[in-house]
$ cat work-v4.cif   # mmCIF, C-alpha atoms and all ligand atoms
data_target
loop_
_atom_site.label_atom_id
_atom_site.label_comp_id
_atom_site.auth_asym_id
_atom_site.auth_seq_id
_atom_site.Cartn_x
_atom_site.Cartn_y
_atom_site.Cartn_z
CA MET A 173 -47.73 -34.76 30.11
CA LYS A 174 -46.59 -35.94 33.52
CA LYS A 175 -43.60 -38.26 33.78
CA LEU A 176 -43.79 -41.86 34.91
CA GLY A 177 -41.12 -43.33 37.15
CA VAL A 178 -41.32 -47.11 37.48
CA ASN A 179 -40.09 -48.68 40.71
CA VAL A 180 -38.61 -52.17 40.11
CA ASP A 181 -37.89 -53.07 43.76
CA HIS A 182 -40.44 -55.86 43.76
CA VAL A 183 -38.80 -57.66 40.87
CA ALA A 184 -35.93 -58.06 43.33
CA THR A 185 -38.39 -59.19 46.02
CA ILE A 186 -39.39 -62.14 43.82
CA ARG A 187 -35.80 -62.93 42.90
CA ASN A 188 -34.75 -62.87 46.55
CA ALA A 189 -37.52 -65.29 47.51
CA ARG A 190 -35.41 -68.00 45.86
CA GLY A 191 -31.95 -66.43 45.78
CA GLY A 192 -30.11 -66.55 42.46
CA PHE A 193 -30.53 -64.12 39.62
CA HIS A 194 -34.04 -64.42 38.22
CA PRO A 195 -36.05 -62.25 37.68
CA ASP A 196 -33.39 -59.59 37.25
CA PRO A 197 -34.35 -56.00 38.24
CA TYR A 198 -31.80 -54.69 35.74
CA SER A 199 -33.64 -56.44 32.87
CA ALA A 200 -36.92 -55.12 34.24
CA ALA A 201 -35.46 -51.60 34.33
CA LEU A 202 -34.34 -51.92 30.70
CA SER A 203 -37.75 -53.26 29.60
CA ALA A 204 -39.66 -50.59 31.52
CA THR A 205 -37.49 -47.91 29.91
CA ARG A 206 -38.01 -49.39 26.46
CA PHE A 207 -41.79 -49.40 26.96
CA GLY A 208 -41.97 -45.77 28.04
CA ALA A 209 -40.91 -45.31 31.67
CA ASP A 210 -39.30 -41.89 32.00
CA SER A 211 -37.13 -43.07 34.88
CA ILE A 212 -36.53 -46.13 37.04
CA THR A 213 -36.76 -45.97 40.81
CA ILE A 214 -34.82 -48.32 43.08
CA HIS A 215 -34.80 -48.18 46.85
CA LEU A 216 -31.64 -49.52 48.45
CA ARG A 217 -32.92 -50.36 51.92
CA GLU A 218 -30.52 -50.73 54.78
CA ASP A 219 -31.62 -54.35 55.27
CA ARG A 220 -31.26 -55.02 51.48
CA ARG A 221 -34.63 -56.78 51.48
CA HIS A 222 -35.10 -56.21 47.73
CA ILE A 223 -32.58 -54.18 45.69
CA ASN A 224 -28.94 -54.93 46.60
CA ASP A 225 -25.64 -53.14 46.00
CA THR A 226 -24.91 -55.11 42.82
CA ASP A 227 -28.31 -54.12 41.37
CA VAL A 228 -27.59 -50.46 42.13
CA LYS A 229 -24.20 -50.66 40.41
CA LYS A 230 -25.53 -52.46 37.33
CA ILE A 231 -28.58 -50.21 36.90
CA CYS A 232 -26.64 -46.98 37.50
CA GLU A 233 -23.93 -48.01 35.03
CA SER A 234 -26.42 -48.35 32.18
CA LYS A 235 -26.46 -45.32 29.92
CA LYS A 236 -29.94 -46.29 28.75
CA ILE A 237 -31.63 -45.97 32.15
CA ILE A 238 -32.45 -42.76 34.02
CA VAL A 239 -32.10 -43.81 37.65
CA ASN A 240 -33.86 -42.42 40.69
CA LEU A 241 -32.20 -43.89 43.79
CA GLU A 242 -34.27 -43.80 46.96
CA MET A 243 -32.25 -43.91 50.15
CA ALA A 244 -32.37 -43.15 53.84
CA ALA A 245 -30.69 -40.03 55.15
CA ASN A 246 -27.39 -41.41 56.38
CA LEU A 247 -23.76 -41.02 55.45
CA ASN A 248 -23.27 -44.62 54.40
CA MET A 249 -26.07 -44.30 51.83
CA LEU A 250 -24.64 -40.97 50.72
CA LYS A 251 -21.30 -42.68 50.00
CA ILE A 252 -23.09 -45.34 47.92
CA ALA A 253 -24.96 -42.64 45.96
CA LEU A 254 -21.77 -40.66 45.29
CA ARG A 255 -20.02 -43.83 44.14
CA ASN A 256 -22.81 -44.96 41.77
CA LYS A 257 -23.96 -41.52 40.57
CA PRO A 258 -27.65 -42.08 39.83
CA ASN A 259 -29.35 -39.27 37.90
CA TYR A 260 -31.67 -38.52 40.81
CA VAL A 261 -31.79 -39.24 44.52
CA CYS A 262 -34.95 -39.18 46.61
CA ILE A 263 -34.37 -39.22 50.35
CA VAL A 264 -36.96 -41.28 52.20
CA PRO A 265 -37.56 -42.19 55.85
CA GLU A 266 -36.76 -45.76 56.75
CA LYS A 267 -37.79 -47.97 59.62
CA ARG A 268 -36.49 -51.50 59.70
CA LYS A 269 -39.73 -53.12 60.72
CA GLU A 270 -42.07 -51.33 58.30
CA ILE A 271 -43.44 -53.28 55.33
CA THR A 272 -43.13 -50.24 53.09
CA THR A 273 -42.31 -46.51 53.46
CA GLU A 274 -45.17 -45.55 55.72
CA GLY A 275 -44.99 -41.75 55.65
CA GLY A 276 -42.92 -38.76 54.72
CA LEU A 277 -39.66 -37.59 56.27
CA ASN A 278 -39.47 -35.94 59.68
CA ILE A 279 -37.68 -32.91 58.31
CA ILE A 280 -37.44 -31.00 61.57
CA LYS A 281 -35.70 -33.87 63.32
CA ASN A 282 -33.31 -34.56 60.44
CA LYS A 283 -32.73 -31.02 59.19
CA LYS A 284 -28.99 -30.84 59.78
CA LYS A 285 -28.27 -34.24 58.23
CA LEU A 286 -30.54 -33.58 55.26
CA ARG A 287 -28.86 -30.26 54.54
CA ILE A 288 -25.43 -31.89 54.43
CA ILE A 289 -26.57 -34.80 52.24
CA LEU A 290 -28.44 -32.55 49.81
CA ARG A 291 -25.41 -30.30 49.47
CA TYR A 292 -23.10 -33.24 48.63
CA LEU A 293 -25.54 -34.56 46.03
CA SER A 294 -26.12 -31.16 44.41
CA ASN A 295 -22.37 -30.59 44.19
CA VAL A 296 -22.09 -33.58 41.84
CA LYS A 297 -25.22 -32.51 39.92
CA ILE A 298 -27.54 -35.26 41.14
CA ARG A 299 -31.15 -34.04 41.16
CA THR A 300 -32.46 -34.17 44.70
CA SER A 301 -35.88 -34.86 46.13
CA LEU A 302 -37.39 -35.23 49.61
CA PHE A 303 -40.27 -37.64 50.24
CA ILE A 304 -42.72 -35.69 52.39
CA ASN A 305 -46.27 -35.78 53.70
CA PRO A 306 -48.69 -33.34 52.09
CA SER A 307 -47.97 -30.49 54.51
CA ILE A 308 -47.30 -26.81 53.83
CA ARG A 309 -44.87 -26.71 56.75
CA ASP A 310 -42.79 -29.55 55.25
CA ILE A 311 -42.76 -27.84 51.87
CA LYS A 312 -41.42 -24.64 53.43
CA LEU A 313 -38.77 -26.65 55.27
CA SER A 314 -37.86 -28.53 52.07
CA LYS A 315 -37.40 -25.26 50.20
CA ASP A 316 -35.20 -23.99 52.98
CA LEU A 317 -33.04 -27.10 52.61
CA ASN A 318 -32.46 -26.35 48.92
CA THR A 319 -33.82 -29.56 47.44
CA ASP A 320 -34.71 -29.54 43.73
CA CYS A 321 -37.93 -31.51 44.14
CA VAL A 322 -40.40 -32.80 46.70
CA GLU A 323 -42.28 -36.08 46.35
CA ILE A 324 -45.66 -36.03 48.06
CA HIS A 325 -46.64 -39.26 49.82
CA THR A 326 -49.90 -40.49 48.31
CA GLY A 327 -50.37 -43.48 50.60
CA LYS A 328 -53.30 -42.00 52.49
CA ILE A 329 -55.31 -40.89 49.46
CA SER A 330 -54.59 -44.19 47.72
CA ASP A 331 -55.96 -46.13 50.69
CA LEU A 332 -59.06 -43.91 50.85
CA ILE A 333 -59.75 -44.35 47.13
CA LYS A 334 -59.19 -48.11 47.22
CA SER A 335 -61.48 -48.58 50.20
CA LYS A 336 -64.14 -46.35 48.58
CA LYS A 337 -63.98 -43.78 51.37
CA ILE A 338 -64.25 -40.00 51.02
CA TYR A 339 -60.98 -38.72 49.67
CA VAL A 340 -61.77 -35.12 48.62
CA HIS A 341 -60.18 -33.54 51.71
CA GLU A 342 -56.93 -35.38 51.11
CA LEU A 343 -57.06 -34.53 47.41
CA ARG A 344 -57.57 -30.85 48.23
CA LYS A 345 -54.62 -30.97 50.62
CA ILE A 346 -52.32 -32.52 48.00
CA LYS A 347 -53.48 -30.02 45.38
CA LYS A 348 -52.79 -27.07 47.72
CA CYS A 349 -49.35 -28.43 48.63
CA ALA A 350 -48.45 -29.06 44.98
CA ARG A 351 -49.46 -25.52 44.04
CA TYR A 352 -47.50 -24.02 46.92
CA ALA A 353 -44.38 -26.10 46.23
CA LYS A 354 -44.41 -25.16 42.57
CA LYS A 355 -44.81 -21.50 43.48
CA LEU A 356 -41.67 -21.79 45.60
CA GLY A 357 -39.81 -23.20 42.60
CA LEU A 358 -39.79 -26.85 43.64
CA GLU A 359 -40.54 -29.61 41.13
CA VAL A 360 -43.44 -31.66 42.45
CA HIS A 361 -43.64 -35.45 42.33
CA ALA A 362 -46.06 -37.87 43.93
CA GLY A 363 -46.09 -41.55 44.73
CA HIS A 364 -46.93 -44.49 46.95
CA GLY A 365 -49.77 -46.97 46.74
CA MET A 366 -50.92 -45.72 43.34
CA ASP A 367 -52.88 -47.79 40.82
CA TYR A 368 -54.84 -46.91 37.67
CA LYS A 369 -57.72 -45.30 39.54
CA THR A 370 -55.56 -43.25 41.91
CA THR A 371 -53.44 -42.12 38.97
CA LYS A 372 -56.52 -40.99 37.01
CA ILE A 373 -57.59 -38.87 39.99
CA LEU A 374 -54.17 -37.43 40.83
CA ASN A 375 -53.41 -36.76 37.17
CA ASN A 376 -55.88 -33.86 37.42
CA ILE A 377 -53.46 -31.96 39.67
CA LYS A 378 -51.62 -29.87 37.13
CA ASP A 379 -48.73 -28.88 39.40
CA ILE A 380 -47.52 -32.48 39.80
CA LYS A 381 -44.84 -33.26 37.24
CA GLU A 382 -43.95 -36.89 37.97
CA PHE A 383 -45.46 -40.02 39.49
CA ASN A 384 -43.40 -42.86 40.92
CA ILE A 385 -45.25 -46.16 40.92
CA GLY A 386 -43.96 -49.61 41.82
CA HIS A 387 -45.91 -52.35 43.54
CA PHE A 388 -49.03 -52.10 41.37
CA ILE A 389 -47.08 -52.03 38.10
CA ILE A 390 -45.02 -55.10 38.97
CA GLY A 391 -48.06 -57.00 40.31
CA GLU A 392 -50.24 -56.13 37.33
CA SER A 393 -47.45 -57.14 34.96
CA PHE A 394 -47.89 -60.81 36.00
CA PHE A 395 -51.26 -60.74 34.28
CA TYR A 396 -50.84 -58.30 31.41
CA GLY A 397 -47.09 -57.88 30.87
CA ILE A 398 -44.98 -54.85 31.75
CA LYS A 399 -45.33 -53.40 28.23
CA ASN A 400 -49.14 -53.25 28.39
CA VAL A 401 -49.20 -51.98 31.96
CA ILE A 402 -46.76 -49.13 31.30
CA ARG A 403 -48.56 -48.20 28.10
CA LYS A 404 -51.87 -48.08 29.97
CA PHE A 405 -50.36 -45.73 32.58
CA LYS A 406 -48.93 -43.54 29.83
CA ARG A 407 -52.38 -43.32 28.20
CA ILE A 408 -53.85 -42.18 31.55
CA LEU A 409 -51.12 -39.54 31.92
CA LYS A 410 -51.77 -38.22 28.40
CA LYS A 411 -55.32 -37.17 29.33
N1 LIG A 501 -42.23 -43.10 45.93
C1 LIG A 501 -41.45 -43.35 47.01
C2 LIG A 501 -40.63 -42.23 47.57
C3 LIG A 501 -41.38 -44.64 47.57
O1 LIG A 501 -40.61 -44.85 48.65
C4 LIG A 501 -42.09 -45.68 46.95
C5 LIG A 501 -41.97 -47.09 47.46
O2 LIG A 501 -42.30 -47.19 48.75
C6 LIG A 501 -42.90 -45.37 45.85
C7 LIG A 501 -42.94 -44.08 45.36
C8 LIG A 501 -43.69 -46.42 45.14
O3 LIG A 501 -44.69 -46.93 45.95
P1 LIG A 501 -45.54 -48.17 45.47
O4 LIG A 501 -44.62 -49.34 45.37
O5 LIG A 501 -46.57 -48.32 46.52
O6 LIG A 501 -46.13 -47.80 44.12
#
$ encode --input "work-v4.cif" --output "structure tokens"
Amino acid sequence: MKKLGVNVDHVATIRNARGGFHPDPYSAALSATRFGADSITIHLREDRRHINDTDVKKICESKKIIVNLEMAANLNMLKIALRNKPNYVCIVPEKRKEITTEGGLNIIKNKKKLRIILRYLSNVKIRTSLFINPSIRDIKLSKDLNTDCVEIHTGKISDLIKSKKIYVHELRKIKKCARYAKKLGLEVHAGHGMDYKTTKILNNIKDIKEFNIGHFIIGESFFYGIKNVIRKFKRILKK
């Protein structure tokens, strides 16, 4: 069965709309873990628009939570990761003005920096991942950089599925990339823009080991509660 990582960033988005402490992403992370999330993803953005440094500290300190910290490839973020020691780090591209992470990393442009950051993280036994577009070239480059995992950006296929457009080409591309990455010894993850339907479709790709899902889970939880939403995802992943 594939693993489910639950991203709690948007609990912080709601909290930050009013300031103060409620709703608390740490409590959401504990609940999600209790109801079956295999890990909790938090993205510490440079502009701190959702998760902040105190959230990172509190969530990483909990022995009950397996933490996947998403961060941009820079030395300041590396310092924060080394200080807080999450279980996993996923390096993502970051543009200040984007609403969400719009695509995968530009590995060629950032190769040198990524190599250094990955080496530091591996030295302290943090599992590393690179968020990439579904591209064979980027998988080869990722392998060359010695990352443990790659996370394939599923934004495009999710948009195609949601807008009822033809998605088979994109699905084929993701499948081919997942197979190739696994063959090279990389663990394959996928995420971005996923909901129940996208998950049902992508769950058929056997080489993907983990999905990371955020916005839909938090939004759907308003109506059905986080327990029911996570359990429904876990039922989909069991098939
Ligand atoms: N995976 C990565 C690497 C991400 O950066 C994000 C958030 O942008 C997600 C998964 C989750 O995306 P979403 O919130 O659209 O489910």
$ atom_distance --input "work-v4.cif" --atom1 "CA of Ser330 in chain A" --atom2 "CA of Ile389 in chain A"
14.5 Å
$ closest_residue --input "work-v4.cif" --among "A:Asn400, A:Asn224, A:Asn384, A:Ser314" --to "ligand LIG 501 (chain A)" --atoms "only C-alpha atoms and all ligand atoms"
A:Asn384
$ residues_around --input "work-v4.cif" --residues "Lys283 in chain A" --least-positions-apart "5" --cutoff "9 Å" --atoms "all atoms listed in the file" --output "CSV table (one decimal) with C-alpha atoms, in the frame of the given file"
chain,number,residue,atom,x,y,z
A,278,ASN,CA,-39.5,-35.9,59.7
A,288,ILE,CA,-25.4,-31.9,54.4
A,313,LEU,CA,-38.8,-26.6,55.3
A,317,LEU,CA,-33.0,-27.1,52.6
$ residues_around --input "work-v4.cif" --residues "Lys378 in chain A" --least-positions-apart "5" --cutoff "10 Å" --atoms "only C-alpha atoms" --output "list in words"
Met173, Lys174, Lys347, Ala350, Arg351 and Val360 of chain A
$ residues_near_ligand --input "work-v4.cif" --ligand "ligand LIG 501 (chain A)" --cutoff "7 Å" --atoms "all atoms listed in the file" --output "ChimeraX atom specification"
/A:179,215,242,262,264,272-273,303,323,362-366,384-388
$ closest_residue --input "work-v4.cif" --among "A:Leu286, A:Lys175, A:Ile231, A:Asn375" --to "Glu359 in chain A" --atoms "all atoms listed in the file"
A:Lys175
$ atom_distance --input "work-v4.cif" --atom1 "CA of Arg407 in chain A" --atom2 "CA of Ser203 in chain A"
17.7 Å
$ atom_distance --input "work-v4.cif" --atom1 "CA of Asp181 in chain A" --atom2 "CA of Thr213 in chain A"
7.8 Å
$ residues_around --input "work-v4.cif" --residues "Ser294 in chain A" --least-positions-apart "5" --cutoff "9 Å" --atoms "all atoms listed in the file" --output "PyMOL selection string"
chain A and resi 289+299-300+319-320
$ write_last_selection --input "work-v4.cif" --atoms "C-alpha atoms" --output "mmCIF file, in the frame of the given file"
data_model
loop_
_atom_site.group_PDB
_atom_site.id
_atom_site.type_symbol
_atom_site.label_atom_id
_atom_site.label_comp_id
_atom_site.auth_asym_id
_atom_site.auth_seq_id
_atom_site.Cartn_x
_atom_site.Cartn_y
_atom_site.Cartn_z
ATOM 1 C CA ILE A 289 -26.570 -34.800 52.240
ATOM 2 C CA ARG A 299 -31.150 -34.040 41.160
ATOM 3 C CA THR A 300 -32.460 -34.170 44.700
ATOM 4 C CA THR A 319 -33.820 -29.560 47.440
ATOM 5 C CA ASP A 320 -34.710 -29.540 43.730
#
$ residues_around --input "work-v4.cif" --residues "Ile324 in chain A" --least-positions-apart "5" --cutoff "6 Å" --atoms "all atoms listed in the file" --output "ChimeraX atom specification"
/A:304-306,362
$ closest_residue --input "work-v4.cif" --among "A:Lys281, A:Lys334, A:Lys328, A:Arg291" --to "Asp310 in chain A" --atoms "all atoms listed in the file"
A:Lys281
$ closest_residue --input "work-v4.cif" --among "A:Ile398, A:Cys321, A:Ile237, A:Ile346" --to "Thr205 in chain A" --atoms "all atoms listed in the file"
A:Ile237
$ closest_residue --input "work-v4.cif" --among "A:Val340, A:Ile186, A:Pro197, A:Phe405" --to "Lys372 in chain A" --atoms "only C-alpha atoms"
A:Phe405
$ residues_around --input "work-v4.cif" --residues "Leu356 in chain A" --least-positions-apart "5" --cutoff "9 Å" --atoms "only C-alpha atoms" --output "MDAnalysis selection string"
chainID A and resid 311:312 315 351
